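Undergrad: Below is the structure I would like to discuss, written out as structure tokens.
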Amino acid sequence: MTPLHTGLRPSAEVEADLSERLPRLSRNEAFAEASDCLYCYDAPCMKACPTSIDIPGFIKLIATDDRLGAAQRILQQNVLGASCARVCATEELCEEACVLTPGEGPILIGRLQRFATDLLMEEGLGIDVAGYVPGTPTGRSVAVVGGGPAGLAAAAGLRRAGHDVTIFDRQPNLGGLATYGIIPLREPTEVALWEAEQIRGLGVTTRTGVEVGVHVSQAELLEQFDAVFLSTGAGRRVWEIDLAGADASGVEDALEFIERIRVMQPANVPVGRNVVIVGAGNTAMDAATIAARLGADTVTCVYRRTQTEMTGYPNEYEHCLKDGVRFRWNIQPVRVLTDAEGAVLGLECAVVALGEPGLDGRRMPIVTEELFTIPADHVLLATGQRREPSLFEGFGLIMERDGRPVVTDRFATSDARVYVGGDAVLTGKELSVVDAVAQGRDAAIAIDRFLGRN
Ligand SMILES: Cc1cc2nc3c(=O)[nH]c(=O)nc-3n(C[C@H](O)[C@H](O)[C@H](O)COP(=O)(O)OP(=O)(O)OC[C@H]3O[C@@H](n4cnc5c(N)ncnc54)[C@H](O)[C@@H]3O)c2cc1C
Ligand code: SF4
């Protein structure tokens with residue numbers, strides 16, 4: 001392995017810099033913010049929320065000093081309301097839809113949601129206060145494969161309906177990417193784990209460290225359970241790009257780098273002095289933020305298109321700029337340069353020209369022969385997650401060409417007993433916690449109906 005570095009900055013400073021970015025609103029701040037809401041009839045903010053939280057309703061409860069009532073109202077629609085308060089792209093969803101003019105600024109819906117839902121953690125209350133209690137036992141059982149936001153939301157709904165639920169997850173902890181992927185600046189690990197624990201507390205059996213398709217077969221699940229919900233996410237591996245020398249020491253998946261921040265003491269996470277990240281999506285921006293805050297001298301994101309086409313959120317881009325991250329557009333990495341021991345020395349890149357728009361509407365990159373080198377001792381690949389069709393194929397499901405199972409709008413697959421939801425089937429901007437929660441919640445209703453009929 002290339003000599004990466006630990007302890008570039010004092011541990012206490014790194015931890016402070018990686019802790020939750022925004023403070024919780026005080027009672028007075030929350031009251032003042034909530035009082036500005038117009039409590040719109042047919043509220044557009046509510047329509048923009050994938051889980052249809054009664055936003056004017058919970059804000060009004062905050063304005064009447066009923067913080068618990070507000071938390072209950074949120075959780076009724078979205079059992080992972082504390083996570084969503086932190087990680088939702090509110091500026092593209094509810095706050096974008098708010099009727100208040102740009103001059104007035106939208107109501108800070110996410111911050112108010114956090115003010116409300118944090119009460120439960122502060123006061124040691126559970127989600128039972130919002131009506132999450134196990135239903136009358138039905139004697140039917142469901143295997144949920146993947147304990148991320150989609151699987152947890154499904155498990156909560158299925159337990160309320162009285163079904164036995166077992167969650168299988170290959171990771172040691174539940175929470176999926178909320179526990180292992182999203183950076184702690186947006187959501188502390190404790191919040192994701194608290195939510196998972198609440199749902200486990202509904203009487204869900206958990207089998208963590210168990211990979212379906214490896215430790216337990218698909219056939220065994222179909223034999224032992226009445227229905228199966230697959231919420232396995234978009235896949236852990238990054239898209240391989242045509243990059244010569246990508247197996248060099250010092251080149252790794254950005255997701256693995258990010259995950260280390262969650263499972264190690266942050267200051268002990270090895271990082272290069274000159275880090276180059278390939279990509280300009282949210283994973284790239286998160287990796288860049290972490291590398292910069294661990295103390296790398298230079299952090300550069302290279303992207304073959306331009307800022308207009310990048311998929312990262314604009315506010316995360318702004319945060320990266322403040323951290324000193326450089327973005328270089330219209331660049332295609334072609335080769336990793338290494339020293340005699342095979343450790344990274346730099347990234348050879350080609351200048352890219354943009355051609356006609358492709359099928360996705362984005363202009364097609366055309367790689368030119370103009371080459372140059374960016375010095376680097378650590379290269380992180382953030383070129384998108386790759387789907388893993390083998391799990392679905394093991395259930396014998398009819399598949400799309402892109403590695404997703406064919407699914408109806410009610411989450412059903414070609415096998416009547418197998419349902420799927422969350423990142424496993426979503427694409428584009430819907431690859432988000434709130435959409436995964438909405439899918440898990442609604443899939444539980446569909447599975448409950450199926451079990452009632454069969
Ligand atoms: C770096 C990064 C940052 C992100 N930041 C944000 C953000 O700020 N806001 C936002 O809304 N979204 C964000 N997202 C997206 C968000 O995390 C996902 O959309 C969301 O977690 C999807 O939930 P899910 O339950 O469908 O899948 P996941 O969260 O991926 O959970 C899937 C689970 O399935 C398990 N699993 C997979 N295969 C198997 C198997 N065969 N057997 C057993 N278990 C299995 C995995 O271990 C995992 O726990 C981010 C994603 C990444 C990668
Ligand atoms: S659109 Fe804005 S003002 Fe209207 S209810 Fe929603 S948050 Fe309040």
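Scheme for the structure tokens: letters A, B, ... for chains in order shown; per-chain residue numbers from 1; ligand numbers from 1 in order shown.
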Show me, as a list of chain:residue names, the residues that have an atom within 7 Å of Pro389 in chain A when counting only C-alpha atoms, minus same-chain residues fewer than 2 positions from it.
TA: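 In the requested form, the answer reads A:Arg387, A:Leu391, A:Phe392, A:Glu393, A:Gly403, A:Arg404.
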Undergrad: List as a PyMOL selection string the protein and nucleic acid residues lying within 7 Å of ligand 2, with only C-alpha atoms and all ligand atoms counted.
TA: chain A and resi 37-40+43-46+55-56+95+97-100+106-107+109
Undergrad: Using only C-alpha atoms and all ligand atoms, which residues of chain A come within 7 Å of ligand 1, and what is the closest atom pair for each, with the distance in Å to one decimal? Give it as JSON lines, sorted by chain and residue number.
TA:
```
{"residue": "A:Cys84", "atom": "CA", "partner": "ligand 1", "partner_atom_place_in_ligand_line": "11 (O)", "distance": 6.9}
{"residue": "A:Val87", "atom": "CA", "partner": "ligand 1", "partner_atom_place_in_ligand_line": "9 (N)", "distance": 4.1}
{"residue": "A:Cys88", "atom": "CA", "partner": "ligand 1", "partner_atom_place_in_ligand_line": "11 (O)", "distance": 4.6}
{"residue": "A:Ala89", "atom": "CA", "partner": "ligand 1", "partner_atom_place_in_ligand_line": "9 (N)", "distance": 6.3}
{"residue": "A:Val145", "atom": "CA", "partner": "ligand 1", "partner_atom_place_in_ligand_line": "43 (C)", "distance": 5.3}
{"residue": "A:Gly146", "atom": "CA", "partner": "ligand 1", "partner_atom_place_in_ligand_line": "34 (O)", "distance": 3.2}
{"residue": "A:Gly147", "atom": "CA", "partner": "ligand 1", "partner_atom_place_in_ligand_line": "49 (O)", "distance": 4.9}
{"residue": "A:Gly148", "atom": "CA", "partner": "ligand 1", "partner_atom_place_in_ligand_line": "25 (O)", "distance": 3.5}
{"residue": "A:Pro149", "atom": "CA", "partner": "ligand 1", "partner_atom_place_in_ligand_line": "25 (O)", "distance": 3.9}
{"residue": "A:Ala150", "atom": "CA", "partner": "ligand 1", "partner_atom_place_in_ligand_line": "25 (O)", "distance": 3.8}
{"residue": "A:Gly151", "atom": "CA", "partner": "ligand 1", "partner_atom_place_in_ligand_line": "25 (O)", "distance": 5.4}
{"residue": "A:Phe168", "atom": "CA", "partner": "ligand 1", "partner_atom_place_in_ligand_line": "43 (C)", "distance": 5.1}
{"residue": "A:Asp169", "atom": "CA", "partner": "ligand 1", "partner_atom_place_in_ligand_line": "44 (N)", "distance": 3.4}
{"residue": "A:Arg170", "atom": "CA", "partner": "ligand 1", "partner_atom_place_in_ligand_line": "44 (N)", "distance": 4.2}
{"residue": "A:Gln171", "atom": "CA", "partner": "ligand 1", "partner_atom_place_in_ligand_line": "47 (O)", "distance": 4.8}
{"residue": "A:Leu174", "atom": "CA", "partner": "ligand 1", "partner_atom_place_in_ligand_line": "49 (O)", "distance": 6.0}
{"residue": "A:Gly175", "atom": "CA", "partner": "ligand 1", "partner_atom_place_in_ligand_line": "49 (O)", "distance": 5.9}
{"residue": "A:Gly176", "atom": "CA", "partner": "ligand 1", "partner_atom_place_in_ligand_line": "49 (O)", "distance": 3.2}
{"residue": "A:Leu177", "atom": "CA", "partner": "ligand 1", "partner_atom_place_in_ligand_line": "29 (O)", "distance": 3.8}
{"residue": "A:Ala178", "atom": "CA", "partner": "ligand 1", "partner_atom_place_in_ligand_line": "17 (O)", "distance": 5.4}
{"residue": "A:Gly181", "atom": "CA", "partner": "ligand 1", "partner_atom_place_in_ligand_line": "1 (C)", "distance": 4.6}
{"residue": "A:Ile182", "atom": "CA", "partner": "ligand 1", "partner_atom_place_in_ligand_line": "3 (C)", "distance": 4.1}
{"residue": "A:Ile183", "atom": "CA", "partner": "ligand 1", "partner_atom_place_in_ligand_line": "3 (C)", "distance": 6.6}
{"residue": "A:Arg186", "atom": "CA", "partner": "ligand 1", "partner_atom_place_in_ligand_line": "8 (O)", "distance": 6.6}
{"residue": "A:Val210", "atom": "CA", "partner": "ligand 1", "partner_atom_place_in_ligand_line": "43 (C)", "distance": 5.8}
{"residue": "A:Glu211", "atom": "CA", "partner": "ligand 1", "partner_atom_place_in_ligand_line": "42 (N)", "distance": 3.5}
{"residue": "A:Val212", "atom": "CA", "partner": "ligand 1", "partner_atom_place_in_ligand_line": "42 (N)", "distance": 3.9}
{"residue": "A:Gly213", "atom": "CA", "partner": "ligand 1", "partner_atom_place_in_ligand_line": "41 (N)", "distance": 5.7}
{"residue": "A:Ser231", "atom": "CA", "partner": "ligand 1", "partner_atom_place_in_ligand_line": "26 (O)", "distance": 5.3}
{"residue": "A:Thr232", "atom": "CA", "partner": "ligand 1", "partner_atom_place_in_ligand_line": "34 (O)", "distance": 3.5}
{"residue": "A:Gly233", "atom": "CA", "partner": "ligand 1", "partner_atom_place_in_ligand_line": "27 (O)", "distance": 3.4}
{"residue": "A:Ala234", "atom": "CA", "partner": "ligand 1", "partner_atom_place_in_ligand_line": "30 (O)", "distance": 5.9}
{"residue": "A:Gly235", "atom": "CA", "partner": "ligand 1", "partner_atom_place_in_ligand_line": "37 (C)", "distance": 6.7}
{"residue": "A:Leu255", "atom": "CA", "partner": "ligand 1", "partner_atom_place_in_ligand_line": "1 (C)", "distance": 6.0}
{"residue": "A:Ile258", "atom": "CA", "partner": "ligand 1", "partner_atom_place_in_ligand_line": "1 (C)", "distance": 6.8}
{"residue": "A:Asn282", "atom": "CA", "partner": "ligand 1", "partner_atom_place_in_ligand_line": "3 (C)", "distance": 5.8}
{"residue": "A:Thr283", "atom": "CA", "partner": "ligand 1", "partner_atom_place_in_ligand_line": "1 (C)", "distance": 4.0}
{"residue": "A:Asp286", "atom": "CA", "partner": "ligand 1", "partner_atom_place_in_ligand_line": "1 (C)", "distance": 6.0}
{"residue": "A:Leu391", "atom": "CA", "partner": "ligand 1", "partner_atom_place_in_ligand_line": "41 (N)", "distance": 6.0}
{"residue": "A:Gly421", "atom": "CA", "partner": "ligand 1", "partner_atom_place_in_ligand_line": "26 (O)", "distance": 6.6}
{"residue": "A:Gly422", "atom": "CA", "partner": "ligand 1", "partner_atom_place_in_ligand_line": "26 (O)", "distance": 3.5}
{"residue": "A:Asp423", "atom": "CA", "partner": "ligand 1", "partner_atom_place_in_ligand_line": "26 (O)", "distance": 3.8}
{"residue": "A:Ala424", "atom": "CA", "partner": "ligand 1", "partner_atom_place_in_ligand_line": "26 (O)", "distance": 5.8}
{"residue": "A:Leu431", "atom": "CA", "partner": "ligand 1", "partner_atom_place_in_ligand_line": "19 (O)", "distance": 4.1}
{"residue": "A:Ser432", "atom": "CA", "partner": "ligand 1", "partner_atom_place_in_ligand_line": "19 (O)", "distance": 3.2}
{"residue": "A:Val433", "atom": "CA", "partner": "ligand 1", "partner_atom_place_in_ligand_line": "11 (O)", "distance": 3.9}
{"residue": "A:Val434", "atom": "CA", "partner": "ligand 1", "partner_atom_place_in_ligand_line": "11 (O)", "distance": 5.8}
{"residue": "A:Ala436", "atom": "CA", "partner": "ligand 1", "partner_atom_place_in_ligand_line": "23 (O)", "distance": 4.9}
```
Undergrad: Quick one: write out the picked residues with C-alpha atoms as a PDB file, in the first residue's frame?
TA:
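part-v5.pdb, written as the output of this step:
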```pdb
ATOM      1  CA  CYS A  84     -34.616  12.650   6.802  1.00  0.00           C
ATOM      2  CA  VAL A  87     -30.061  14.221   5.001  1.00  0.00           C
ATOM      3  CA  CYS A  88     -32.941  15.242   2.739  1.00  0.00           C
ATOM      4  CA  ALA A  89     -32.120  17.592  -0.110  1.00  0.00           C
ATOM      5  CA  VAL A 145     -33.059  -8.515   2.852  1.00  0.00           C
ATOM      6  CA  GLY A 146     -31.156  -5.291   3.558  1.00  0.00           C
ATOM      7  CA  GLY A 147     -31.582  -3.228   6.708  1.00  0.00           C
ATOM      8  CA  GLY A 148     -31.128   0.227   5.174  1.00  0.00           C
ATOM      9  CA  PRO A 149     -33.832   2.916   5.142  1.00  0.00           C
ATOM     10  CA  ALA A 150     -36.108   0.961   2.754  1.00  0.00           C
ATOM     11  CA  GLY A 151     -35.817  -2.286   4.723  1.00  0.00           C
ATOM     12  CA  PHE A 168     -30.887  -9.967   6.996  1.00  0.00           C
ATOM     13  CA  ASP A 169     -27.966  -7.595   6.474  1.00  0.00           C
ATOM     14  CA  ARG A 170     -24.381  -8.321   5.502  1.00  0.00           C
ATOM     15  CA  GLN A 171     -23.088  -5.437   7.607  1.00  0.00           C
ATOM     16  CA  LEU A 174     -28.401  -1.893  10.523  1.00  0.00           C
ATOM     17  CA  GLY A 175     -29.044   1.426   8.800  1.00  0.00           C
ATOM     18  CA  GLY A 176     -27.517   0.757   5.363  1.00  0.00           C
ATOM     19  CA  LEU A 177     -25.904   3.814   3.852  1.00  0.00           C
ATOM     20  CA  ALA A 178     -27.381   6.007   6.611  1.00  0.00           C
ATOM     21  CA  GLY A 181     -22.296   5.914   3.677  1.00  0.00           C
ATOM     22  CA  ILE A 182     -23.656   9.333   4.549  1.00  0.00           C
ATOM     23  CA  ILE A 183     -20.982  11.493   6.151  1.00  0.00           C
ATOM     24  CA  ARG A 186     -24.836  15.473   7.701  1.00  0.00           C
ATOM     25  CA  VAL A 210     -25.359 -12.509   7.015  1.00  0.00           C
ATOM     26  CA  GLU A 211     -25.235 -12.073   3.246  1.00  0.00           C
ATOM     27  CA  VAL A 212     -28.154 -13.562   1.377  1.00  0.00           C
ATOM     28  CA  GLY A 213     -26.880 -15.499  -1.605  1.00  0.00           C
ATOM     29  CA  SER A 231     -34.078  -3.752  -0.159  1.00  0.00           C
ATOM     30  CA  THR A 232     -30.438  -4.350  -0.928  1.00  0.00           C
ATOM     31  CA  GLY A 233     -29.545  -0.883  -2.215  1.00  0.00           C
ATOM     32  CA  ALA A 234     -27.774   0.137  -5.394  1.00  0.00           C
ATOM     33  CA  GLY A 235     -24.701  -2.057  -4.856  1.00  0.00           C
ATOM     34  CA  LEU A 255     -17.305   4.519  -0.757  1.00  0.00           C
ATOM     35  CA  ILE A 258     -16.045   7.132   3.382  1.00  0.00           C
ATOM     36  CA  ASN A 282     -22.494  13.274  -3.992  1.00  0.00           C
ATOM     37  CA  THR A 283     -20.105  10.418  -3.170  1.00  0.00           C
ATOM     38  CA  ASP A 286     -18.396  13.552   0.498  1.00  0.00           C
ATOM     39  CA  LEU A 391     -29.027 -11.763  -5.736  1.00  0.00           C
ATOM     40  CA  GLY A 421     -37.886  -1.405  -3.227  1.00  0.00           C
ATOM     41  CA  GLY A 422     -35.501   1.439  -2.388  1.00  0.00           C
ATOM     42  CA  ASP A 423     -32.204   2.034  -4.195  1.00  0.00           C
ATOM     43  CA  ALA A 424     -32.379  -1.546  -5.495  1.00  0.00           C
ATOM     44  CA  LEU A 431     -31.656   7.479  -4.998  1.00  0.00           C
ATOM     45  CA  SER A 432     -32.245   9.045  -1.590  1.00  0.00           C
ATOM     46  CA  VAL A 433     -33.148   8.133   1.955  1.00  0.00           C
ATOM     47  CA  VAL A 434     -36.596   9.704   1.806  1.00  0.00           C
ATOM     48  CA  ALA A 436     -36.248   4.622   0.053  1.00  0.00           C
TER      49      ALA A 436
END
```
Undergrad: Taking only C-alpha atoms into account, name the residue in A:Glu195, A:Ser19, A:Gln76, A:Pro3 that is nearest to Gly131 in chain A.
TA: A:Gln76
Undergrad: Name all residues at most 6 Å from Val276 in chain A (count only C-alpha atoms; drop same-chain ones fewer than 4 positions away) and give them as a PDB file with C-alpha atoms, in the first residue's frame.
TA:
```
ATOM      1  CA  VAL A 299      -7.947  17.695  -2.906  1.00  0.00           C
ATOM      2  CA  THR A 300      -9.049  17.774  -6.541  1.00  0.00           C
ATOM      3  CA  CYS A 301     -12.221  16.391  -8.119  1.00  0.00           C
ATOM      4  CA  VAL A 379      -6.895   8.351  -5.994  1.00  0.00           C
TER       5      VAL A 379
END
```
Undergrad: At a cut-off of 9 Å, using only C-alpha atoms, what residues contact Glu370 in chain A? Leave out same-chain residues fewer than 6 positions from it and give the result as a list in words.
TA: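 Close residues of Glu370 in chain A: Cys349, Ala350, Val351 and Val352 of chain A.
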Undergrad: Store the residues picked out above in a file with C-alpha atoms, as a compact mmCIF listing (two decimals), in the first residue's frame.
TA:
```
# COMPACT_ATOMS: atom_id res chain seq x y z
CA CYS A 349 -5.70 12.91 -17.78
CA ALA A 350 -7.05 13.79 -21.22
CA VAL A 351 -8.91 17.00 -22.03
CA VAL A 352 -12.53 16.33 -22.99
```
Undergrad: With only C-alpha atoms as the atoms that count, which of A:Ala82, A:Leu108, A:Val425, A:Ala155 lies nearest to Val228 in chain A?
TA: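 The answer is A:Ala155, which sits nearest to Val228 in chain A.
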Undergrad: Quick check, in Å to one decimal: how far apart do CA of Glu92 in chain A and CA of Ile62 in chain A lie?
TA: 23.2 Å
Undergrad: Would you mind listing what lies within 12 Å of Val251 in chain A as an NGL selection string, with only C-alpha atoms counted and same-chain residues fewer than 3 positions away left out?
TA: :A and (1-4 or 243-248 or 254 or 256-257 or 271-272 or 275-278 or 335-338 or 342-347 or 376-382)
Undergrad: When DSSP is applied to the backbone of this structure, which of range 293-398 of chain A are assigned strand (DSSP E or B)? Write them out as an mmCIF file with N, CA and C atoms, in the first residue's frame.
TA:
```cif
data_model
loop_
_atom_site.group_PDB
_atom_site.id
_atom_site.type_symbol
_atom_site.label_atom_id
_atom_site.label_comp_id
_atom_site.auth_asym_id
_atom_site.auth_seq_id
_atom_site.Cartn_x
_atom_site.Cartn_y
_atom_site.Cartn_z
ATOM 1 N N THR A 298 -3.769 18.870 -0.862
ATOM 2 C CA THR A 298 -4.613 19.259 -2.003
ATOM 3 C C THR A 298 -5.667 18.179 -2.225
ATOM 4 N N VAL A 299 -6.870 18.620 -2.558
ATOM 5 C CA VAL A 299 -7.947 17.695 -2.906
ATOM 6 C C VAL A 299 -8.557 18.212 -4.211
ATOM 7 N N THR A 300 -8.563 17.353 -5.216
ATOM 8 C CA THR A 300 -9.049 17.774 -6.541
ATOM 9 C C THR A 300 -10.082 16.768 -7.040
ATOM 10 N N CYS A 301 -11.238 17.264 -7.461
ATOM 11 C CA CYS A 301 -12.221 16.391 -8.119
ATOM 12 C C CYS A 301 -12.081 16.590 -9.617
ATOM 13 N N VAL A 302 -11.965 15.499 -10.364
ATOM 14 C CA VAL A 302 -11.925 15.618 -11.823
ATOM 15 C C VAL A 302 -13.189 14.991 -12.400
ATOM 16 N N ARG A 326 -10.585 21.625 -5.134
ATOM 17 C CA ARG A 326 -10.583 22.155 -6.507
ATOM 18 C C ARG A 326 -11.405 21.234 -7.398
ATOM 19 N N PHE A 327 -12.107 21.812 -8.333
ATOM 20 C CA PHE A 327 -12.845 21.013 -9.310
ATOM 21 C C PHE A 327 -12.252 21.283 -10.679
ATOM 22 N N ARG A 328 -11.953 20.220 -11.406
ATOM 23 C CA ARG A 328 -11.435 20.397 -12.764
ATOM 24 C C ARG A 328 -12.404 19.701 -13.712
ATOM 25 N N ILE A 331 -12.436 16.713 -17.972
ATOM 26 C CA ILE A 331 -11.183 15.964 -17.859
ATOM 27 C C ILE A 331 -11.494 14.480 -17.694
ATOM 28 N N GLN A 332 -10.812 13.672 -18.449
ATOM 29 C CA GLN A 332 -10.996 12.216 -18.351
ATOM 30 C C GLN A 332 -9.686 11.579 -17.893
ATOM 31 N N PRO A 333 -9.630 10.954 -16.705
ATOM 32 C CA PRO A 333 -8.396 10.269 -16.312
ATOM 33 C C PRO A 333 -8.170 9.067 -17.219
ATOM 34 N N VAL A 334 -6.958 8.883 -17.668
ATOM 35 C CA VAL A 334 -6.700 7.754 -18.568
ATOM 36 C C VAL A 334 -5.700 6.750 -17.997
ATOM 37 N N ARG A 335 -4.817 7.210 -17.081
ATOM 38 C CA ARG A 335 -3.781 6.284 -16.600
ATOM 39 C C ARG A 335 -3.299 6.708 -15.210
ATOM 40 N N VAL A 336 -3.114 5.724 -14.346
ATOM 41 C CA VAL A 336 -2.524 5.993 -13.036
ATOM 42 C C VAL A 336 -1.015 5.831 -13.180
ATOM 43 N N LEU A 337 -0.262 6.861 -12.800
ATOM 44 C CA LEU A 337 1.207 6.788 -12.874
ATOM 45 C C LEU A 337 1.720 6.292 -11.530
ATOM 46 N N THR A 338 2.678 5.368 -11.556
ATOM 47 C CA THR A 338 3.169 4.778 -10.301
ATOM 48 C C THR A 338 4.685 4.836 -10.209
ATOM 49 N N ALA A 343 3.306 2.334 -6.235
ATOM 50 C CA ALA A 343 2.457 3.297 -5.510
ATOM 51 C C ALA A 343 2.144 4.493 -6.417
ATOM 52 N N VAL A 344 0.970 5.081 -6.200
ATOM 53 C CA VAL A 344 0.508 6.163 -7.072
ATOM 54 C C VAL A 344 1.402 7.393 -6.988
ATOM 55 N N LEU A 345 1.718 7.946 -8.162
ATOM 56 C CA LEU A 345 2.480 9.199 -8.229
ATOM 57 C C LEU A 345 1.647 10.317 -8.849
ATOM 58 N N GLY A 346 0.672 9.912 -9.659
ATOM 59 C CA GLY A 346 -0.136 10.938 -10.332
ATOM 60 C C GLY A 346 -1.185 10.307 -11.226
ATOM 61 N N LEU A 347 -1.996 11.179 -11.790
ATOM 62 C CA LEU A 347 -3.072 10.718 -12.666
ATOM 63 C C LEU A 347 -2.894 11.421 -14.010
ATOM 64 N N GLU A 348 -2.704 10.607 -15.036
ATOM 65 C CA GLU A 348 -2.619 11.203 -16.373
ATOM 66 C C GLU A 348 -4.044 11.387 -16.893
ATOM 67 N N CYS A 349 -4.335 12.590 -17.372
ATOM 68 C CA CYS A 349 -5.704 12.907 -17.783
ATOM 69 C C CYS A 349 -5.709 13.441 -19.212
ATOM 70 N N ALA A 350 -6.860 13.242 -19.872
ATOM 71 C CA ALA A 350 -7.046 13.794 -21.218
ATOM 72 C C ALA A 350 -8.096 14.895 -21.152
ATOM 73 N N VAL A 351 -7.906 15.932 -21.940
ATOM 74 C CA VAL A 351 -8.908 17.003 -22.029
ATOM 75 C C VAL A 351 -10.102 16.467 -22.822
ATOM 76 N N VAL A 352 -11.301 16.839 -22.373
ATOM 77 C CA VAL A 352 -12.529 16.328 -22.994
ATOM 78 C C VAL A 352 -13.276 17.483 -23.663
ATOM 79 N N ALA A 353 -13.762 17.225 -24.882
ATOM 80 C CA ALA A 353 -14.658 18.200 -25.533
ATOM 81 C C ALA A 353 -16.076 17.654 -25.403
ATOM 82 N N LEU A 354 -17.083 18.531 -25.384
ATOM 83 C CA LEU A 354 -18.459 18.046 -25.227
ATOM 84 C C LEU A 354 -19.171 18.018 -26.574
ATOM 85 N N GLY A 355 -19.803 16.867 -26.888
ATOM 86 C CA GLY A 355 -20.513 16.698 -28.154
ATOM 87 C C GLY A 355 -22.005 16.932 -27.996
ATOM 88 N N GLU A 356 -22.776 16.238 -28.814
ATOM 89 C CA GLU A 356 -24.242 16.376 -28.825
ATOM 90 C C GLU A 356 -24.843 15.742 -27.560
ATOM 91 N N PRO A 357 -26.070 16.176 -27.126
ATOM 92 C CA PRO A 357 -26.712 15.535 -25.967
ATOM 93 C C PRO A 357 -26.983 14.049 -26.224
ATOM 94 N N ARG A 363 -24.723 16.339 -22.490
ATOM 95 C CA ARG A 363 -23.856 16.333 -23.683
ATOM 96 C C ARG A 363 -22.791 15.248 -23.539
ATOM 97 N N MET A 364 -22.557 14.555 -24.653
ATOM 98 C CA MET A 364 -21.632 13.416 -24.639
ATOM 99 C C MET A 364 -20.180 13.899 -24.606
ATOM 100 N N PRO A 365 -19.371 13.340 -23.684
ATOM 101 C CA PRO A 365 -17.962 13.726 -23.660
ATOM 102 C C PRO A 365 -17.163 13.059 -24.779
ATOM 103 N N ILE A 366 -16.285 13.831 -25.432
ATOM 104 C CA ILE A 366 -15.404 13.277 -26.470
ATOM 105 C C ILE A 366 -13.960 13.476 -25.994
ATOM 106 N N VAL A 367 -13.261 12.382 -25.767
ATOM 107 C CA VAL A 367 -11.903 12.458 -25.218
ATOM 108 C C VAL A 367 -10.931 12.885 -26.327
ATOM 109 N N THR A 368 -10.155 13.946 -26.077
ATOM 110 C CA THR A 368 -9.173 14.411 -27.071
ATOM 111 C C THR A 368 -7.801 13.789 -26.775
ATOM 112 N N GLU A 369 -6.817 14.128 -27.592
ATOM 113 C CA GLU A 369 -5.478 13.546 -27.371
ATOM 114 C C GLU A 369 -4.596 14.459 -26.537
ATOM 115 N N GLU A 370 -5.158 15.564 -26.031
ATOM 116 C CA GLU A 370 -4.364 16.502 -25.218
ATOM 117 C C GLU A 370 -4.238 15.957 -23.781
ATOM 118 N N LEU A 371 -3.026 15.601 -23.387
ATOM 119 C CA LEU A 371 -2.809 14.943 -22.092
ATOM 120 C C LEU A 371 -2.062 15.852 -21.119
ATOM 121 N N PHE A 372 -2.311 15.671 -19.843
ATOM 122 C CA PHE A 372 -1.527 16.351 -18.797
ATOM 123 C C PHE A 372 -1.617 15.513 -17.524
ATOM 124 N N THR A 373 -0.775 15.839 -16.527
ATOM 125 C CA THR A 373 -0.709 15.007 -15.310
ATOM 126 C C THR A 373 -1.060 15.821 -14.068
ATOM 127 N N ILE A 374 -1.858 15.210 -13.193
ATOM 128 C CA ILE A 374 -2.110 15.823 -11.883
ATOM 129 C C ILE A 374 -1.358 14.970 -10.855
ATOM 130 N N PRO A 375 -0.446 15.582 -10.064
ATOM 131 C CA PRO A 375 0.272 14.797 -9.059
ATOM 132 C C PRO A 375 -0.715 14.282 -8.004
ATOM 133 N N HIS A 378 -3.033 9.548 -3.747
ATOM 134 C CA HIS A 378 -4.240 8.836 -3.319
ATOM 135 C C HIS A 378 -5.332 9.164 -4.342
ATOM 136 N N VAL A 379 -5.855 8.144 -4.982
ATOM 137 C CA VAL A 379 -6.895 8.351 -5.994
ATOM 138 C C VAL A 379 -8.157 7.625 -5.543
ATOM 139 N N LEU A 380 -9.265 8.356 -5.488
ATOM 140 C CA LEU A 380 -10.539 7.772 -5.032
ATOM 141 C C LEU A 380 -11.515 7.749 -6.204
ATOM 142 N N LEU A 381 -12.075 6.577 -6.456
ATOM 143 C CA LEU A 381 -12.997 6.438 -7.584
ATOM 144 C C LEU A 381 -14.430 6.605 -7.094
ATOM 145 N N GLN A 385 -22.393 3.840 -8.251
ATOM 146 C CA GLN A 385 -22.478 2.477 -7.739
ATOM 147 C C GLN A 385 -22.917 1.528 -8.849
ATOM 148 N N ARG A 386 -22.468 0.285 -8.730
ATOM 149 C CA ARG A 386 -22.806 -0.708 -9.747
ATOM 150 C C ARG A 386 -23.780 -1.727 -9.161
#
```
